[in-house]
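Undergrad: Questions regarding the structure given below will be posed in turn.
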Amino acid sequence: MTEQTAEQVTEAEDALPIQFTDAAASKVKTLLDEEENDALKLRVYVTGGGCSGFQYGFTFDEKVNEGDFTVEKQGVQLVVDPMSLQYLVGGEVDYTSGLEGSRFFVKNPNATTTCGCGASFSV
């Protein structure tokens, strides 16, 4: 097994169709520790609806279905189904905590418009 430099790891991560930030992975790890269920994965998905046409959803799921895309970071996994992934390519799943509350969110370069809360978008 060969060792990878930090630069090689960064390049490999940059080549992924969707990024999973350290902040998001850290929060997932904390939540899984609280649930005492290491089998859970953070699933992000896109559904029709919201004020801009599509909306993001987040849930915890134990299953990885055939065709799902997964990213592992800090020992936890982000899972995206193939239909949702097409709308999220080049995007980033992140986590923020502040005065307006705490939430997972998607930075999506494919979105042409978004709603004020950032939970829905159009392409």
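Residue numbering restarts at 1 in every chain; chains get A, B, ... in the order shown in the structure tokens, and ligands count up from 1 in that same order.
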Can you tell me which residues surround Ala24 (chain A) at a distance of at most 7 Å, considering only C-alpha atoms, apart from same-chain residues fewer than 6 positions away, and format the answer as a list in words?

TA: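 Surrounding residues, per the criterion: Val93, Asp94, Tyr95 and Phe104 of chain A.
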
Undergrad: Go ahead and dump the residues you just picked, C-alpha atoms, as a PDB file, in the first residue's frame.

TA:
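Here's the written file part.pdb:
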ATOM      1  CA  VAL A  93     -22.631  19.375   1.337  1.00  0.00           C
ATOM      2  CA  ASP A  94     -21.742  21.540   4.313  1.00  0.00           C
ATOM      3  CA  TYR A  95     -22.929  22.275   7.840  1.00  0.00           C
ATOM      4  CA  PHE A 104     -26.854  20.927   6.707  1.00  0.00           C
TER       5      PHE A 104
END

Undergrad: Write out as an mmCIF file with N, CA and C atoms, in the first residue's frame each polymer residue whose atoms come within 10 Å of region 37-49 of chain A, counting only C-alpha atoms; drop sequence neighbours fewer than 2 positions from it.

TA:
data_model
loop_
_atom_site.group_PDB
_atom_site.id
_atom_site.type_symbol
_atom_site.label_atom_id
_atom_site.label_comp_id
_atom_site.auth_asym_id
_atom_site.auth_seq_id
_atom_site.Cartn_x
_atom_site.Cartn_y
_atom_site.Cartn_z
ATOM 1 N N ALA A 24 -19.381 19.228 7.878
ATOM 2 C CA ALA A 24 -20.535 18.329 7.751
ATOM 3 C C ALA A 24 -20.197 16.936 8.278
ATOM 4 N N ALA A 25 -19.040 16.426 7.910
ATOM 5 C CA ALA A 25 -18.634 15.090 8.368
ATOM 6 C C ALA A 25 -18.507 15.058 9.887
ATOM 7 N N VAL A 28 -21.995 14.955 11.408
ATOM 8 C CA VAL A 28 -22.575 13.615 11.233
ATOM 9 C C VAL A 28 -21.965 12.661 12.249
ATOM 10 N N LYS A 29 -20.652 12.725 12.416
ATOM 11 C CA LYS A 29 -19.962 11.852 13.376
ATOM 12 C C LYS A 29 -20.518 12.076 14.787
ATOM 13 N N LEU A 31 -23.491 13.278 15.618
ATOM 14 C CA LEU A 31 -24.870 12.783 15.684
ATOM 15 C C LEU A 31 -24.918 11.261 15.748
ATOM 16 N N LEU A 32 -24.049 10.591 15.008
ATOM 17 C CA LEU A 32 -24.023 9.128 15.034
ATOM 18 C C LEU A 32 -23.553 8.614 16.388
ATOM 19 N N ASP A 33 -22.593 9.313 16.991
ATOM 20 C CA ASP A 33 -22.139 8.932 18.331
ATOM 21 C C ASP A 33 -23.289 9.051 19.332
ATOM 22 N N GLU A 34 -24.098 10.124 19.196
ATOM 23 C CA GLU A 34 -25.244 10.314 20.089
ATOM 24 C C GLU A 34 -26.289 9.222 19.883
ATOM 25 N N GLU A 35 -26.491 8.812 18.639
ATOM 26 C CA GLU A 35 -27.474 7.767 18.318
ATOM 27 C C GLU A 35 -26.960 6.370 18.633
ATOM 28 N N CYS A 51 -40.194 26.416 -3.194
ATOM 29 C CA CYS A 51 -40.610 27.632 -3.902
ATOM 30 C C CYS A 51 -39.831 27.867 -5.189
ATOM 31 N N SER A 52 -38.798 27.075 -5.442
ATOM 32 C CA SER A 52 -38.011 27.274 -6.664
ATOM 33 C C SER A 52 -38.043 26.074 -7.615
ATOM 34 N N GLY A 53 -38.825 25.056 -7.329
ATOM 35 C CA GLY A 53 -38.953 23.928 -8.239
ATOM 36 C C GLY A 53 -38.418 22.612 -7.699
ATOM 37 N N PHE A 54 -37.237 22.637 -7.097
ATOM 38 C CA PHE A 54 -36.638 21.461 -6.478
ATOM 39 C C PHE A 54 -36.261 21.822 -5.056
ATOM 40 N N GLN A 55 -36.183 20.812 -4.208
ATOM 41 C CA GLN A 55 -35.715 21.078 -2.847
ATOM 42 C C GLN A 55 -34.774 19.981 -2.385
ATOM 43 N N TYR A 56 -33.864 20.373 -1.504
ATOM 44 C CA TYR A 56 -32.906 19.438 -0.927
ATOM 45 C C TYR A 56 -33.532 18.770 0.281
ATOM 46 N N GLY A 57 -33.156 17.527 0.501
ATOM 47 C CA GLY A 57 -33.581 16.814 1.690
ATOM 48 C C GLY A 57 -32.394 16.090 2.297
ATOM 49 N N PHE A 58 -32.431 15.917 3.591
ATOM 50 C CA PHE A 58 -31.391 15.201 4.324
ATOM 51 C C PHE A 58 -32.070 14.221 5.253
ATOM 52 N N THR A 59 -31.527 13.022 5.317
ATOM 53 C CA THR A 59 -32.035 12.018 6.238
ATOM 54 C C THR A 59 -30.891 11.080 6.606
ATOM 55 N N PHE A 60 -31.071 10.339 7.679
ATOM 56 C CA PHE A 60 -30.105 9.304 8.019
ATOM 57 C C PHE A 60 -30.668 7.974 7.550
ATOM 58 N N ASP A 61 -29.807 7.171 6.961
ATOM 59 C CA ASP A 61 -30.217 5.914 6.339
ATOM 60 C C ASP A 61 -29.151 4.867 6.628
ATOM 61 N N GLU A 62 -29.585 3.647 6.895
ATOM 62 C CA GLU A 62 -28.636 2.552 7.118
ATOM 63 C C GLU A 62 -28.238 1.875 5.819
ATOM 64 N N LYS A 63 -29.046 2.042 4.768
ATOM 65 C CA LYS A 63 -28.828 1.322 3.520
ATOM 66 C C LYS A 63 -28.071 2.163 2.492
ATOM 67 N N VAL A 64 -27.295 1.475 1.687
ATOM 68 C CA VAL A 64 -26.729 2.033 0.470
ATOM 69 C C VAL A 64 -27.332 1.213 -0.650
ATOM 70 N N ASP A 68 -26.119 4.001 -5.756
ATOM 71 C CA ASP A 68 -25.857 5.162 -4.899
ATOM 72 C C ASP A 68 -24.385 5.547 -4.969
ATOM 73 N N PHE A 69 -24.127 6.838 -4.877
ATOM 74 C CA PHE A 69 -22.769 7.359 -4.803
ATOM 75 C C PHE A 69 -22.472 7.630 -3.337
ATOM 76 N N THR A 70 -21.296 7.227 -2.865
ATOM 77 C CA THR A 70 -20.925 7.473 -1.478
ATOM 78 C C THR A 70 -19.588 8.198 -1.390
ATOM 79 N N VAL A 71 -19.476 9.038 -0.386
ATOM 80 C CA VAL A 71 -18.226 9.712 -0.041
ATOM 81 C C VAL A 71 -17.988 9.443 1.432
ATOM 82 N N GLU A 72 -16.781 9.020 1.778
ATOM 83 C CA GLU A 72 -16.458 8.786 3.183
ATOM 84 C C GLU A 72 -15.455 9.823 3.653
ATOM 85 N N GLY A 75 -14.592 8.798 8.805
ATOM 86 C CA GLY A 75 -15.233 7.564 9.217
ATOM 87 C C GLY A 75 -16.742 7.535 9.055
ATOM 88 N N VAL A 76 -17.329 8.572 8.432
ATOM 89 C CA VAL A 76 -18.769 8.592 8.180
ATOM 90 C C VAL A 76 -19.001 8.741 6.677
ATOM 91 N N GLN A 77 -20.217 8.373 6.245
ATOM 92 C CA GLN A 77 -20.509 8.392 4.820
ATOM 93 C C GLN A 77 -21.644 9.336 4.462
ATOM 94 N N LEU A 78 -21.481 9.958 3.295
ATOM 95 C CA LEU A 78 -22.524 10.732 2.633
ATOM 96 C C LEU A 78 -22.989 9.868 1.469
ATOM 97 N N VAL A 79 -24.305 9.730 1.296
ATOM 98 C CA VAL A 79 -24.875 8.887 0.247
ATOM 99 C C VAL A 79 -25.814 9.732 -0.605
ATOM 100 N N VAL A 80 -25.700 9.566 -1.935
ATOM 101 C CA VAL A 80 -26.571 10.287 -2.875
ATOM 102 C C VAL A 80 -27.068 9.310 -3.923
ATOM 103 N N ASP A 81 -28.375 9.299 -4.167
ATOM 104 C CA ASP A 81 -28.933 8.421 -5.193
ATOM 105 C C ASP A 81 -28.609 8.998 -6.579
ATOM 106 N N PRO A 82 -28.603 8.151 -7.608
ATOM 107 C CA PRO A 82 -28.193 8.599 -8.945
ATOM 108 C C PRO A 82 -29.053 9.733 -9.514
ATOM 109 N N MET A 83 -30.356 9.714 -9.276
ATOM 110 C CA MET A 83 -31.237 10.761 -9.800
ATOM 111 C C MET A 83 -30.896 12.119 -9.173
ATOM 112 N N SER A 84 -30.658 12.128 -7.878
ATOM 113 C CA SER A 84 -30.313 13.377 -7.192
ATOM 114 C C SER A 84 -28.924 13.855 -7.567
ATOM 115 N N LEU A 85 -28.001 12.919 -7.745
ATOM 116 C CA LEU A 85 -26.613 13.284 -8.030
ATOM 117 C C LEU A 85 -26.495 14.135 -9.284
ATOM 118 N N GLN A 86 -27.342 13.867 -10.292
ATOM 119 C CA GLN A 86 -27.253 14.643 -11.526
ATOM 120 C C GLN A 86 -27.496 16.134 -11.290
ATOM 121 N N TYR A 87 -28.241 16.495 -10.258
ATOM 122 C CA TYR A 87 -28.498 17.896 -9.937
ATOM 123 C C TYR A 87 -27.446 18.485 -8.997
ATOM 124 N N LEU A 88 -26.607 17.616 -8.426
ATOM 125 C CA LEU A 88 -25.661 18.047 -7.397
ATOM 126 C C LEU A 88 -24.205 18.002 -7.834
ATOM 127 N N VAL A 93 -21.765 19.508 0.167
ATOM 128 C CA VAL A 93 -22.631 19.375 1.337
ATOM 129 C C VAL A 93 -21.842 19.895 2.531
ATOM 130 N N PHE A 104 -27.626 21.380 7.850
ATOM 131 C CA PHE A 104 -26.854 20.927 6.707
ATOM 132 C C PHE A 104 -27.378 21.714 5.513
ATOM 133 N N PHE A 105 -26.510 22.017 4.556
ATOM 134 C CA PHE A 105 -26.955 22.714 3.359
ATOM 135 C C PHE A 105 -26.083 22.318 2.180
ATOM 136 N N VAL A 106 -26.561 22.650 0.978
ATOM 137 C CA VAL A 106 -25.856 22.315 -0.249
ATOM 138 C C VAL A 106 -25.447 23.603 -0.951
ATOM 139 N N SER A 120 -34.470 25.331 -1.434
ATOM 140 C CA SER A 120 -34.975 24.940 -2.749
ATOM 141 C C SER A 120 -34.224 25.701 -3.831
ATOM 142 N N PHE A 121 -34.303 25.170 -5.052
ATOM 143 C CA PHE A 121 -33.536 25.736 -6.158
ATOM 144 C C PHE A 121 -34.178 25.372 -7.489
ATOM 145 N N SER A 122 -33.706 26.008 -8.551
ATOM 146 C CA SER A 122 -34.101 25.609 -9.901
ATOM 147 C C SER A 122 -32.835 25.529 -10.731
#

Undergrad: Nearest to Glu92 (chain A) among A:Ala111, A:Glu36, A:Thr30, A:Pro17, with distances taken over only C-alpha atoms: which residue is it?

TA: A:Pro17

Undergrad: What residues in region 18-56 of chain A get the DSSP label helix (DSSP H, G or I)? Please answer as a list in words.

TA: Asp22, Ala23, Ala24, Ala25, Ser26, Lys27, Val28, Lys29, Thr30, Leu31, Leu32, Asp33, Glu34 and Glu35 of chain A

Undergrad: Between CA of Gly91 (chain A) and CA of Arg103 (chain A), what is the distance, to one decimal in Å?

TA: 16.4 Å

Undergrad: Between A:Val89, A:Thr21, A:Gln74, A:Lys27, which residue has the minimum interatomic distance to Ser102 (chain A), considering only C-alpha atoms?

TA: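 The closest residue to Ser102 (chain A) is A:Lys27.
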
Undergrad: Find the distance between CA of Gly101 (chain A) and CA of Asp22 (chain A) and write it in Å to one decimal.

TA: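 So the two atoms, CA of Gly101 (chain A) and CA of Asp22 (chain A), lie 18.7 Å apart.
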
Undergrad: Considering only strand (DSSP E) as DSSP defines it on the backbone, what residues of region 51-122 of chain A qualify? List them as a count of residues only.

TA: 38

Undergrad: Go through A:Gly98, A:Gly67, A:Pro109, A:Gly90 and flag the residue nearest Ile18 (chain A), using only C-alpha atoms for the distances.

TA: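 Counting only C-alpha atoms, the residue closest to Ile18 (chain A) is A:Gly90.
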